[in-house]
Structure formats: structure tokens, C-alpha cells
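K.L.:
Have a look at this one.
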Amino acid sequence: MVSPEQLRDLLAETGALVRPAVPLAELTTLRVGGPALVAECDSTEALVATVRALDAAGIALLLVAGGSNLLIDDAGFDGVVVRVRNTGVEFGTDSVLAEAGANWDELVAASVGAGFGGLECLSGIPGSVGATPVQNVGAYGVEVESLLRRVRLLDRASGAVRWADPAELGFGYRTSVLKHSDVAVVLAVEFALDPSGMSAPLRYGELARVLGAGEGESRPAARVRDEVLRLRAGKGMVLDPADHDTWSAGSFFTNPVVGDDRLDQVLAAITAHLGEVTVPTYPAPSGTKFSAGWLIERAGFAKGFPGEQASARLSTKHTLALTNRGSAGAADIVALARTVRDGVRDRFGIVLEPEPVTVGISL
């Protein structure tokens, strides 16, 4: 383990600020995670130089920006946490270029306020710009993949900085080749925007209905953003320090996709437990997508499970969010996640996969 003094010497020329023993719970929206040595990088130049220096020295590093998709062990991280804090934003005539540390929802708000459409369905999502292509962030029928023009990357093997086209990033449902990988660091992202100020085509039924729109129609981006924020807030999915339902990593499990070879088996298991019910499913490239939230509730885990005395509970507004009620540690979140995952598996034969990146934890 490198000491703070050794790290300051190593990073003396990078522009990074070294902070010892920082509780990582302060840097994540779940508000769990033990201590770590942190190097804060307020510019892209400092970020590149810091990652290069740590890699050359063989020191393990963890990149943290918004901390909205992280579950970190109570023991912390035995290496250096690199805080991504470069926040520059530049609008073009039909695009926006944002540095990786920029706040995502602030970028969405700025784009709508500047008269652009395109990002509005992704309003209210916590985290940073740099995380969006890694996770292929999506909500209300829109995924980042459809909006990307290019991503600026630091190749950690060569140390080179270059622009990558979306086709190189291997996007899938809530994933890309950058997720669970140390190959590259996202430095900046460029998104296409609609200068007319109209939204992306509306594909999500609930949102289209409240806007009085047919599927594929558009509405003014500002109006769509307002409705998305209202819908998300009603599900506890807009950060609020006073609301423990928002002390989460958002949707903890991804919606599972069942291959055609197992579909009849899964539907039979659901019928055996629930009787003849209408199961919400959606077509997916590799099979049929099920609603994780629906499965969790039908497996017997209601909103607020396991009760008011628990330090980690399902959100009282949305069963797909695992929440910290103020005193939970990572072990409490993990125990709840395992209980829910195993319950859905035992009843329906579907294994839910966690969406957050875990550090020092195995689910």
C-alpha cells in the first residue's frame, strides 16, 4: 500500500490533490464504502497524468466520479481512488462536448435550457457524463448509444489519448466493452443534439401517455424533461439528501433477458406460483426481456422489504432500488441483494444480475 507521502511525491507533477483516508461512503450515492487514499483531478490533463503515473508504478486505482453506480466494500479500497472532476462543457450547433466529470443531469438541464432536444428522457439520472457510455445508460425508451457521436479515451496500455467511434464500444443492454474493464478511461463524450428543441421520439408508453403523444412522436424537450423528473421523483429516483429512498444506486438489478430455449420453462414457473397472470415482457435482441421489478414484487418482496427496522431496505417507492436508510454498510446492502436475487431465482428460475459495479464485494 502506497503512503500519502509517497503518493504526493509520485503525483507531484500531475496537478492532482492527494487526500488520505477519505471515507468512500462520502463519494457514492449509496453512501457506503470504507476509507481510501484519494487523488483528485480537476482537469483532463491532471487525470491523464495521474492515471499514467499510477499505472507506470503498478499501483491499483479506482476511478470515481459521481459514484452513482458503485457498491464499495466496508473495508474500503486498497489502492488509490482517482476522482474524476474535469467538468468542461461546450455546445456546438447540433452537439455538446462534455468532460467526463461533468454532472450528467446538469448537462441535460443545460442542453434543454439552451434550446436543444435529445437528452431529455435521461433527465434526473445521477452520476457523471463519463459513466454514461460505460454503462450505456438508458431510461424511458432512450439509451446513450443512440445519442453518441464519439468518446475520448485514455488507452491505459499505451498511454495514448484518442477519439473512439460508438461502433467500437460494443454496446449492449446497460453495458459496453468499457464496463468491468481497465482497458481505457473515458475523458470526454460528444452527444448529438436536435437544434429544433424537440425531444427524441417517445418510445416509453407511460411517458408518452402523460404527454398525450403516440409512440414515436416528439414533444418539446423542456416539457418532456419536466414529466420525466416528475415520474422519476415519484419512484424515488431523483437524488434528495432528505429522502432515504434516494440513497441508492438506482435500479440495482437489470431487467433479465431469457433466451428462447428457456422461455416456456420460465413462463411455466411463473404460472405455477402465480396462476394465469399477464406477464410484462418485451422483445430483446437475444430473447425476451422481463421486468425485474415485477418479478421481485411477485416473488414476495414488497416495497420497503424487510421492514422499518432494517438499515437496508427496498425503496418504499420502487422495488428495484435497494436503499440505505441511514446506517447501512455494504454488508447490509449485499445481504438484501442476495435475499432478493435468491428469492426470484428459487420461484421463477431467473437469476437477476446486479447493475452497480462492485468493489471488494462478491454477490
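All residue names refer to the C-alpha cells as shown: chains lettered A, B, ... in order, residues numbered from 1 in each chain, ligands numbered from 1 in order.
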With DSSP run on the backbone, what are the alpha helix (DSSP H) residues within stretch 175-356 of chain A? I'd like them as a PyMOL selection string.

P.N.:
chain A and resi 205-210+221-234+260-274+292-298+330-348

K.L.:
So how many Å separate atom CA of A:Asp260 and atom CA of A:Ser176, to one decimal?

P.N.:
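Rounded to one decimal, the two atoms are 23.3 Å apart.
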
K.L.:
Within 9 Å of A:Gly287, counting only C-alpha atoms, which residues show up once you throw out same-chain ones fewer than 3 positions away? Write them as a list of chain:residue names, please.

P.N.:
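My reading of the contact set: A:Val257, A:Val258, A:Gly259, A:Asp260, A:Asp261, A:Leu263, A:Tyr282, A:Pro283, A:Ala284.
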
K.L.:
Output the selection as a PDB file, in the first residue's frame - C-alpha atoms for each residue.

P.N.:
ATOM      1  CA  VAL A 257     -33.370 -11.392 -20.806  1.00  0.00           C
ATOM      2  CA  VAL A 258     -34.467 -15.011 -21.206  1.00  0.00           C
ATOM      3  CA  GLY A 259     -33.396 -16.936 -24.295  1.00  0.00           C
ATOM      4  CA  ASP A 260     -35.968 -18.649 -26.473  1.00  0.00           C
ATOM      5  CA  ASP A 261     -34.735 -22.047 -25.268  1.00  0.00           C
ATOM      6  CA  LEU A 263     -38.813 -19.030 -22.226  1.00  0.00           C
ATOM      7  CA  TYR A 282     -40.543  -7.045 -24.148  1.00  0.00           C
ATOM      8  CA  PRO A 283     -38.662  -8.260 -27.216  1.00  0.00           C
ATOM      9  CA  ALA A 284     -34.874  -8.189 -26.909  1.00  0.00           C
TER      10      ALA A 284
END

K.L.:
Taking only C-alpha atoms into account, name the residue in A:Thr254, A:Thr14, A:Thr319, A:Ser68 that is nearest to A:Thr50.

P.N.:
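Using only C-alpha atoms, A:Thr50 sits closest to A:Thr14.
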
K.L.:
Step one, run DSSP on the backbone; step two, keep only residues of stretch 13-132 of chain A assigned to strand (DSSP E); then write them as a ChimeraX atom specification.

P.N.:
/A:17-23,35-41,61-64,70-72,80-84,89-91,95-99

K.L.:
Got time to write the residues from that selection, C-alpha atoms, as a PDB file, in the first residue's frame?

P.N.:
ATOM      1  CA  LEU A  17      -4.596  16.796  -4.990  1.00  0.00           C
ATOM      2  CA  VAL A  18      -3.861  13.903  -2.606  1.00  0.00           C
ATOM      3  CA  ARG A  19      -6.264  13.300   0.310  1.00  0.00           C
ATOM      4  CA  PRO A  20      -5.627  10.467   2.801  1.00  0.00           C
ATOM      5  CA  ALA A  21      -8.215   8.192   4.447  1.00  0.00           C
ATOM      6  CA  VAL A  22     -11.279   9.546   2.668  1.00  0.00           C
ATOM      7  CA  PRO A  23     -14.473   7.623   3.574  1.00  0.00           C
ATOM      8  CA  PRO A  35     -11.636   4.569   3.550  1.00  0.00           C
ATOM      9  CA  ALA A  36      -9.157   5.059   0.741  1.00  0.00           C
ATOM     10  CA  LEU A  37      -6.335   7.283  -0.432  1.00  0.00           C
ATOM     11  CA  VAL A  38      -7.748   9.714  -2.985  1.00  0.00           C
ATOM     12  CA  ALA A  39      -6.158  11.704  -5.812  1.00  0.00           C
ATOM     13  CA  GLU A  40      -8.479  14.456  -7.036  1.00  0.00           C
ATOM     14  CA  CYS A  41      -8.103  15.527 -10.674  1.00  0.00           C
ATOM     15  CA  LEU A  61      -6.575   2.520  -8.940  1.00  0.00           C
ATOM     16  CA  LEU A  62     -10.303   3.008  -8.859  1.00  0.00           C
ATOM     17  CA  LEU A  63     -11.957   5.746 -10.904  1.00  0.00           C
ATOM     18  CA  VAL A  64     -14.807   7.549  -9.141  1.00  0.00           C
ATOM     19  CA  LEU A  70     -20.856   1.836  -7.151  1.00  0.00           C
ATOM     20  CA  LEU A  71     -21.119  -0.576  -4.244  1.00  0.00           C
ATOM     21  CA  ILE A  72     -17.824  -0.452  -2.329  1.00  0.00           C
ATOM     22  CA  VAL A  80      -5.711   4.894  -4.970  1.00  0.00           C
ATOM     23  CA  VAL A  81      -9.124   6.298  -5.790  1.00  0.00           C
ATOM     24  CA  VAL A  82      -8.851   8.753  -8.680  1.00  0.00           C
ATOM     25  CA  ARG A  83     -11.594  11.368  -8.502  1.00  0.00           C
ATOM     26  CA  VAL A  84     -12.683  12.442 -11.965  1.00  0.00           C
ATOM     27  CA  VAL A  89     -18.953  21.627 -21.364  1.00  0.00           C
ATOM     28  CA  GLU A  90     -19.048  23.118 -24.871  1.00  0.00           C
ATOM     29  CA  PHE A  91     -22.117  23.326 -27.109  1.00  0.00           C
ATOM     30  CA  SER A  95     -23.983  18.701 -30.393  1.00  0.00           C
ATOM     31  CA  VAL A  96     -22.432  19.036 -26.967  1.00  0.00           C
ATOM     32  CA  LEU A  97     -18.955  18.020 -25.866  1.00  0.00           C
ATOM     33  CA  ALA A  98     -18.678  17.360 -22.127  1.00  0.00           C
ATOM     34  CA  GLU A  99     -15.755  16.261 -19.995  1.00  0.00           C
TER      35      GLU A  99
END

K.L.:
Taking 4 positions as the minimum chain separation for residues in the same chain, which residues sit within 10 Å of stretch 340-355 of chain A when counting only C-alpha atoms? Answer as a count of residues only.

P.N.:
45

K.L.:
One decimal, Å: what's the distance from atom CA of A:Arg223 over to atom CA of A:Tyr204, could you say?

P.N.:
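Taking atom CA of A:Arg223 and atom CA of A:Tyr204, their separation equals 15.2 Å.
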
K.L.:
Excluding same-chain residues fewer than 5 positions from A:His318, what lies within 8 Å of it counting only C-alpha atoms, as a list in words?

P.N.:
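Neighbouring residues, sequence-local ones excluded: Lys235, Gly236, Gly293 and Lys303 of chain A.
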
K.L.:
Go ahead and write the residues just picked, N, CA and C atoms, as a PDB file, in the first residue's frame.

P.N.:
ATOM      1  N   LYS A 235     -40.822   7.702  -8.056  1.00  0.00           N
ATOM      2  CA  LYS A 235     -40.245   6.376  -7.815  1.00  0.00           C
ATOM      3  C   LYS A 235     -38.988   6.446  -6.945  1.00  0.00           C
ATOM      4  N   GLY A 236     -38.703   7.643  -6.394  1.00  0.00           N
ATOM      5  CA  GLY A 236     -37.518   7.791  -5.560  1.00  0.00           C
ATOM      6  C   GLY A 236     -36.231   7.745  -6.347  1.00  0.00           C
ATOM      7  N   GLY A 293     -38.417  -5.506 -11.666  1.00  0.00           N
ATOM      8  CA  GLY A 293     -39.261  -5.016 -10.585  1.00  0.00           C
ATOM      9  C   GLY A 293     -40.515  -5.855 -10.402  1.00  0.00           C
ATOM     10  N   LYS A 303     -42.486  -3.357  -1.579  1.00  0.00           N
ATOM     11  CA  LYS A 303     -41.799  -2.086  -1.319  1.00  0.00           C
ATOM     12  C   LYS A 303     -41.534  -1.960   0.185  1.00  0.00           C
TER      13      LYS A 303
END

K.L.:
Atom CA of A:Thr87 to atom CA of A:Arg152: how many Å, to one decimal?

P.N.:
14.0 Å

K.L.:
Identify, on the basis of only C-alpha atoms, every residue whose closest approach to stretch 178-194 of chain A does not exceed 9 Å; exclude the query and any residue fewer than 6 positions from it along the same chain; express the result as a ChimeraX atom specification.

P.N.:
/A:44,47-48,51,63,84,86,88,92-101,111,115-119,129-135,144,146-157,161,169-170,200,357
